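Structure file structure03.cif (mmCIF, C-alpha atoms) follows.
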```
data_coords
#
loop_
_atom_site.group_PDB
_atom_site.id
_atom_site.type_symbol
_atom_site.label_atom_id
_atom_site.label_comp_id
_atom_site.auth_asym_id
_atom_site.auth_seq_id
_atom_site.Cartn_x
_atom_site.Cartn_y
_atom_site.Cartn_z
ATOM 1 C CA MET A 1 -5.080 1.242 18.438
ATOM 2 C CA GLU A 2 -5.839 -1.629 20.807
ATOM 3 C CA TYR A 3 -8.239 -3.310 18.348
ATOM 4 C CA VAL A 4 -5.477 -3.225 15.717
ATOM 5 C CA ASN A 5 -2.961 -4.751 18.139
ATOM 6 C CA SER A 6 -5.505 -7.381 19.143
ATOM 7 C CA ALA A 7 -6.190 -8.352 15.514
ATOM 8 C CA LEU A 8 -2.452 -8.554 14.842
ATOM 9 C CA ARG A 9 -1.879 -10.750 17.913
ATOM 10 C CA LEU A 10 -4.721 -13.078 16.814
ATOM 11 C CA SER A 11 -2.885 -13.443 13.515
ATOM 12 C CA GLY A 12 0.397 -14.413 15.147
ATOM 13 C CA PHE A 13 2.140 -11.049 15.175
ATOM 14 C CA LYS A 14 3.298 -10.939 18.797
ATOM 15 C CA ASN A 15 5.183 -7.667 19.102
ATOM 16 C CA THR A 16 4.824 -4.398 17.263
ATOM 17 C CA THR A 17 8.165 -3.079 15.972
ATOM 18 C CA SER A 18 9.248 0.493 16.696
ATOM 19 C CA PHE A 19 8.731 1.299 13.004
ATOM 20 C CA GLN A 20 5.177 -0.070 13.131
ATOM 21 C CA LYS A 21 4.334 1.907 16.277
ATOM 22 C CA GLN A 22 5.375 5.145 14.609
ATOM 23 C CA ALA A 23 3.706 4.343 11.283
ATOM 24 C CA PHE A 24 0.498 3.037 12.889
ATOM 25 C CA SER A 25 0.112 6.288 14.799
ATOM 26 C CA ALA A 26 0.167 8.359 11.594
ATOM 27 C CA ILE A 27 -2.019 5.883 9.686
ATOM 28 C CA LEU A 28 -4.632 5.710 12.446
ATOM 29 C CA SER A 29 -4.818 9.498 12.581
ATOM 30 C CA GLY A 30 -5.529 9.642 8.845
ATOM 31 C CA LYS A 31 -2.503 11.824 8.177
ATOM 32 C CA ASP A 32 -0.234 11.427 5.194
ATOM 33 C CA LEU A 33 3.005 9.607 5.918
ATOM 34 C CA ILE A 34 6.546 9.621 4.567
ATOM 35 C CA ALA A 35 8.569 6.883 6.258
ATOM 36 C CA GLU A 36 12.204 5.892 6.031
ATOM 37 C CA THR A 37 12.470 2.108 5.838
ATOM 38 C CA LYS A 38 16.197 1.414 5.504
ATOM 39 C CA GLU A 39 16.576 -0.030 9.025
ATOM 40 C CA ALA A 40 12.890 -0.861 9.576
ATOM 41 C CA THR A 41 11.282 -4.250 10.103
ATOM 42 C CA GLY A 42 7.635 -5.215 9.732
ATOM 43 C CA ILE A 43 7.002 -2.807 6.887
ATOM 44 C CA GLU A 44 4.545 -4.984 4.932
ATOM 45 C CA ILE A 45 2.058 -5.087 7.814
ATOM 46 C CA THR A 46 1.757 -1.300 7.596
ATOM 47 C CA PHE A 47 0.688 -1.698 3.955
ATOM 48 C CA ILE A 48 -2.348 -3.777 4.915
ATOM 49 C CA LEU A 49 -3.265 -1.774 8.008
ATOM 50 C CA PRO A 50 -5.744 0.366 5.995
ATOM 51 C CA LEU A 51 -7.677 -2.807 5.092
ATOM 52 C CA LEU A 52 -7.800 -3.758 8.750
ATOM 53 C CA LEU A 53 -9.021 -0.283 9.710
ATOM 54 C CA LYS A 54 -11.767 -0.385 7.094
ATOM 55 C CA LYS A 55 -12.879 -3.746 8.497
ATOM 56 C CA PHE A 56 -13.408 -2.185 11.898
ATOM 57 C CA LYS A 57 -15.406 0.590 10.247
ATOM 58 C CA ASN A 58 -17.646 -2.086 8.645
ATOM 59 C CA LYS A 59 -16.408 -1.459 5.132
ATOM 60 C CA ASN A 60 -16.053 -5.087 4.079
ATOM 61 C CA SER A 61 -16.285 -4.214 0.399
ATOM 62 C CA THR A 62 -12.913 -2.505 0.546
ATOM 63 C CA SER A 63 -10.487 -3.821 -2.030
ATOM 64 C CA ALA A 64 -6.767 -3.311 -2.492
ATOM 65 C CA ILE A 65 -4.551 -3.793 -5.502
ATOM 66 C CA ILE A 66 -0.823 -4.443 -5.217
ATOM 67 C CA LEU A 67 1.313 -3.191 -8.101
ATOM 68 C CA SER A 68 4.740 -4.100 -6.778
ATOM 69 C CA ASP A 69 7.997 -4.410 -8.706
ATOM 70 C CA SER A 70 8.994 -7.462 -6.693
ATOM 71 C CA PRO A 71 7.320 -10.867 -6.545
ATOM 72 C CA ILE A 72 8.983 -11.538 -3.182
ATOM 73 C CA HIS A 73 7.680 -8.270 -1.746
ATOM 74 C CA THR A 74 4.190 -8.948 -3.084
ATOM 75 C CA LYS A 75 4.148 -12.500 -1.717
ATOM 76 C CA GLN A 76 5.081 -11.171 1.749
ATOM 77 C CA ILE A 77 2.192 -8.686 1.669
ATOM 78 C CA GLU A 78 -0.170 -11.468 0.523
ATOM 79 C CA LYS A 79 1.058 -13.797 3.271
ATOM 80 C CA ASN A 80 0.477 -11.195 5.993
ATOM 81 C CA TYR A 81 -2.934 -10.354 4.551
ATOM 82 C CA LYS A 82 -3.998 -14.014 4.531
ATOM 83 C CA LEU A 83 -2.939 -14.370 8.170
ATOM 84 C CA LEU A 84 -5.123 -11.402 9.089
ATOM 85 C CA VAL A 85 -8.103 -12.625 7.065
ATOM 86 C CA ASN A 86 -7.981 -16.202 8.333
ATOM 87 C CA ASN A 87 -7.669 -15.220 11.974
ATOM 88 C CA ASN A 88 -10.021 -12.229 12.019
ATOM 89 C CA LYS A 89 -12.716 -13.418 9.614
ATOM 90 C CA PHE A 90 -13.327 -10.445 7.389
ATOM 91 C CA SER A 91 -13.952 -10.207 3.700
ATOM 92 C CA ASN A 92 -11.877 -7.379 2.279
ATOM 93 C CA SER A 93 -10.143 -8.382 -0.924
ATOM 94 C CA ILE A 94 -6.584 -7.940 -2.083
ATOM 95 C CA THR A 95 -5.355 -8.535 -5.621
ATOM 96 C CA THR A 96 -1.811 -8.717 -6.908
ATOM 97 C CA LEU A 97 -1.072 -7.764 -10.467
ATOM 98 C CA GLY A 98 1.498 -8.003 -13.140
ATOM 99 C CA TYR A 99 4.562 -9.859 -12.023
ATOM 100 C CA GLU A 100 3.434 -13.211 -13.381
ATOM 101 C CA GLY A 101 0.906 -14.369 -15.923
ATOM 102 C CA ASN A 102 -0.882 -12.496 -18.657
ATOM 103 C CA PRO A 103 -1.229 -8.714 -18.192
ATOM 104 C CA TRP A 104 -4.530 -8.770 -20.087
ATOM 105 C CA THR A 105 -6.094 -10.667 -17.191
ATOM 106 C CA ASP A 106 -5.244 -7.699 -14.932
ATOM 107 C CA ILE A 107 -7.549 -5.241 -16.691
ATOM 108 C CA PRO A 108 -10.914 -6.620 -15.455
ATOM 109 C CA ILE A 109 -9.534 -6.626 -11.917
ATOM 110 C CA LEU A 110 -8.476 -2.988 -12.219
ATOM 111 C CA ASN A 111 -11.998 -2.041 -13.279
ATOM 112 C CA LYS A 112 -13.350 -3.117 -9.883
ATOM 113 C CA LYS A 113 -12.493 0.353 -8.572
ATOM 114 C CA PRO A 114 -10.186 -0.405 -5.640
ATOM 115 C CA THR A 115 -10.139 1.838 -2.577
ATOM 116 C CA ILE A 116 -6.497 1.090 -1.744
ATOM 117 C CA ILE A 117 -3.515 0.895 -4.100
ATOM 118 C CA ILE A 118 -0.125 -0.373 -2.948
ATOM 119 C CA GLY A 119 2.680 -0.051 -5.475
ATOM 120 C CA SER A 120 5.727 1.567 -6.954
ATOM 121 C CA THR A 121 5.398 4.835 -8.850
ATOM 122 C CA LYS A 122 6.510 3.135 -12.057
ATOM 123 C CA ARG A 123 3.793 0.472 -11.926
ATOM 124 C CA ILE A 124 1.037 2.891 -10.877
ATOM 125 C CA ILE A 125 1.936 5.432 -13.569
ATOM 126 C CA ASP A 126 2.103 2.693 -16.192
ATOM 127 C CA HIS A 127 -1.519 1.754 -15.416
ATOM 128 C CA ILE A 128 -2.622 5.419 -15.304
ATOM 129 C CA ARG A 129 -1.101 6.114 -18.724
ATOM 130 C CA ARG A 130 -2.783 3.058 -20.208
ATOM 131 C CA ASN A 131 -6.120 4.315 -18.833
ATOM 132 C CA ASN A 132 -6.809 0.980 -17.202
ATOM 133 C CA ILE A 133 -6.862 2.046 -13.583
ATOM 134 C CA ILE A 134 -9.654 4.044 -11.981
ATOM 135 C CA LEU A 135 -8.528 6.325 -9.159
ATOM 136 C CA GLN A 136 -11.881 7.901 -8.267
ATOM 137 C CA ASN A 137 -12.504 5.586 -5.285
ATOM 138 C CA ILE A 138 -8.992 5.627 -3.845
ATOM 139 C CA GLU A 139 -9.032 6.332 -0.112
ATOM 140 C CA THR A 140 -5.459 5.209 0.578
ATOM 141 C CA LEU A 141 -2.475 5.373 -1.768
ATOM 142 C CA ILE A 142 0.611 3.499 -0.582
ATOM 143 C CA ILE A 143 3.773 4.150 -2.588
ATOM 144 C CA THR A 144 6.777 1.917 -2.113
ATOM 145 C CA THR A 145 10.368 2.440 -3.148
ATOM 146 C CA PRO A 146 11.155 0.798 -6.451
ATOM 147 C CA GLN A 147 13.038 -2.488 -6.276
ATOM 148 C CA ILE A 148 15.887 -0.910 -8.220
ATOM 149 C CA GLN A 149 16.917 2.052 -6.128
ATOM 150 C CA ASN A 150 16.513 4.622 -8.876
ATOM 151 C CA LEU A 151 14.942 7.595 -7.172
ATOM 152 C CA GLN A 152 15.437 9.848 -10.161
ATOM 153 C CA ASN A 153 12.119 11.617 -10.734
ATOM 154 C CA PHE A 154 10.593 9.824 -7.728
ATOM 155 C CA GLU A 155 9.174 13.029 -6.228
ATOM 156 C CA GLN A 156 7.752 14.171 -9.568
ATOM 157 C CA ASN A 157 6.198 10.741 -10.067
ATOM 158 C CA VAL A 158 4.543 10.844 -6.642
ATOM 159 C CA LEU A 159 3.167 14.314 -7.360
ATOM 160 C CA PHE A 160 1.904 13.155 -10.780
ATOM 161 C CA ILE A 161 0.032 10.223 -9.213
ATOM 162 C CA ALA A 162 -1.399 12.439 -6.464
ATOM 163 C CA SER A 163 -2.648 14.886 -9.103
ATOM 164 C CA LYS A 164 -4.688 12.081 -10.687
ATOM 165 C CA LEU A 165 -6.619 11.336 -7.494
ATOM 166 C CA THR A 166 -10.137 12.729 -7.769
ATOM 167 C CA ARG A 167 -10.632 13.134 -4.019
ATOM 168 C CA LYS A 168 -8.607 13.517 -0.854
ATOM 169 C CA ALA A 169 -6.839 10.288 -0.041
ATOM 170 C CA GLN A 170 -4.377 9.331 2.644
ATOM 171 C CA ILE A 171 -0.964 9.003 1.008
ATOM 172 C CA GLN A 172 1.720 6.821 2.539
ATOM 173 C CA ILE A 173 5.216 6.873 1.045
ATOM 174 C CA TYR A 174 7.863 4.357 2.068
ATOM 175 C CA VAL A 175 11.460 4.999 0.980
ATOM 176 C CA ASP A 176 14.857 3.662 2.021
ATOM 177 C CA SER A 177 16.184 7.142 2.778
ATOM 178 C CA LEU A 178 14.640 10.580 3.208
ATOM 179 C CA ILE A 179 17.842 12.333 2.154
ATOM 180 C CA HIS A 180 16.767 12.956 -1.451
ATOM 181 C CA LEU A 181 13.176 13.898 -0.708
ATOM 182 C CA ASN A 182 12.713 17.624 -0.422
ATOM 183 C CA SER A 183 9.429 18.824 -1.865
ATOM 184 C CA LEU A 184 7.335 15.888 -0.635
ATOM 185 C CA GLU A 185 7.967 16.667 3.011
ATOM 186 C CA LYS A 186 6.090 19.950 2.614
#
```
So that I can check it, write out the structure of this file as structure tokens.
Amino acid sequence: MEYVNSALRLSGFKNTTSFQKQAFSAILSGKDLIAETKEATGIEITFILPLLLKKFKNKNSTSAIILSDSPIHTKQIEKNYKLLVNNNKFSNSITTLGYEGNPWTDIPILNKKPTIIIGSTKRIIDHIRRNNIILQNIETLIITTPQIQNLQNFEQNVLFIASKLTRKAQIQIYVDSLIHLNSLEK
């Protein structure tokens, strides 16, 4: 955990929030995670923690794809990632898709077989159904709450995505409230 804190401090992140401390513990242990984010701060850093961990395991070829519903959310993840890269000098790659530009330019990027996917269930399922995302190399799946707080079918969507993974992956789920999640906690 100290090497993670050190890398974060080098990047300008002075203090770890209570949310990050709890989430980092689960992420570092390799366990799946369901986290309530309604009152949390520093959430986006937890999304890129798997890239940082892979760096310390000498897996510089690790790549992540962000399939977020929100350009603002995606830009914050990108900003934090760039701070980590610039200050810690590693070469993992992160790619954002779909909220601007031509969707046809996304397809070649998806074929690079990412090891980490960060996104909403809607965006991930859309790419699965179009057969333009390859899940065989996924080591970490990070699911975020949709921008529009419509949690109808959210649990079923998470289970559908998990069923498409071809190997055991760490799954992290971030939602505003745990109240409506029943079957996922098992």
Note to self: Running the PyMOL selection byres ((chain A and resi 20) around 10) on this model by hand, what would come out? Give it as number ranges by chain.
What the structure shows: A: 15-19, 21-27, 40-46
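Picked out by the PyMOL selection byres ((chain A and resi 135-142) around 8) when it runs on this file: Phe47, Pro50, Lys113, Pro114, Thr115, Ile116, Ile117, Ile118, Gly119, Ile133, Ile134, Ile143, Thr144, Lys164, Leu165, Thr166, Arg167, Lys168, Ala169, Gln170, Ile171, Gln172, Ile173 and Tyr174 of chain A.
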Selection to disk with C-alpha atoms, as a CSV table (one decimal), in the coordinates of the input:
```csv
chain,number,residue,atom,x,y,z
A,47,PHE,CA,0.7,-1.7,4.0
A,50,PRO,CA,-5.7,0.4,6.0
A,113,LYS,CA,-12.5,0.4,-8.6
A,114,PRO,CA,-10.2,-0.4,-5.6
A,115,THR,CA,-10.1,1.8,-2.6
A,116,ILE,CA,-6.5,1.1,-1.7
A,117,ILE,CA,-3.5,0.9,-4.1
A,118,ILE,CA,-0.1,-0.4,-2.9
A,119,GLY,CA,2.7,-0.1,-5.5
A,133,ILE,CA,-6.9,2.0,-13.6
A,134,ILE,CA,-9.7,4.0,-12.0
A,143,ILE,CA,3.8,4.2,-2.6
A,144,THR,CA,6.8,1.9,-2.1
A,164,LYS,CA,-4.7,12.1,-10.7
A,165,LEU,CA,-6.6,11.3,-7.5
A,166,THR,CA,-10.1,12.7,-7.8
A,167,ARG,CA,-10.6,13.1,-4.0
A,168,LYS,CA,-8.6,13.5,-0.9
A,169,ALA,CA,-6.8,10.3,0.0
A,170,GLN,CA,-4.4,9.3,2.6
A,171,ILE,CA,-1.0,9.0,1.0
A,172,GLN,CA,1.7,6.8,2.5
A,173,ILE,CA,5.2,6.9,1.0
A,174,TYR,CA,7.9,4.4,2.1
```
Note to self: Can you spell out as a PyMOL selection string the set of residues that the PyMOL selection byres ((chain A and resi 158) around 10) selects in the structure I just provided?
What the structure shows: chain A and resi 120-122+124-125+143+153-157+159-163+171+173+184
Check: Which residues come within 10 Å of Glu78 (chain A), counting all atoms listed in the file, excluding same-chain residues fewer than 2 positions away, as a list in words?
Finding: Glu44, Ile45, Ile48, Ile66, Ile72, His73, Thr74, Lys75, Gln76, Asn80, Tyr81, Lys82, Leu83, Leu84, Ile94, Thr95 and Thr96 of chain A
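Pairwise distance (CA of Thr145 (chain A), CA of Ser68 (chain A)) equals 9.4 Å.
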Next item on the list: Can you pull out every residue within 7 Å of Asp176 (chain A), counting all atoms listed in the file, but drop anything in the same chain fewer than 5 positions away, and send it as number ranges by chain?
Entry: A: 36-38, 145
Item checked: Between CA of Gly30 (chain A) and CA of Glu2 (chain A) - distance in Å to one decimal ->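 For CA of Glu2 (chain A) relative to CA of Gly30 (chain A), the distance reads 16.4 Å.
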Once 4 Å is added on each side, what centre and edge lengths in Å to one decimal does the axis-aligned box around all listed atoms of region 163-176 of chain A have, as lines of an AutoDock Vina configuration file?
```
center_x = 2.1
center_y = 9.3
center_z = -4.0
size_x = 33.5
size_y = 19.2
size_z = 21.3
```
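The space separating CA of Asp32 (chain A) from CA of Ile128 (chain A) comes to 21.5 Å.
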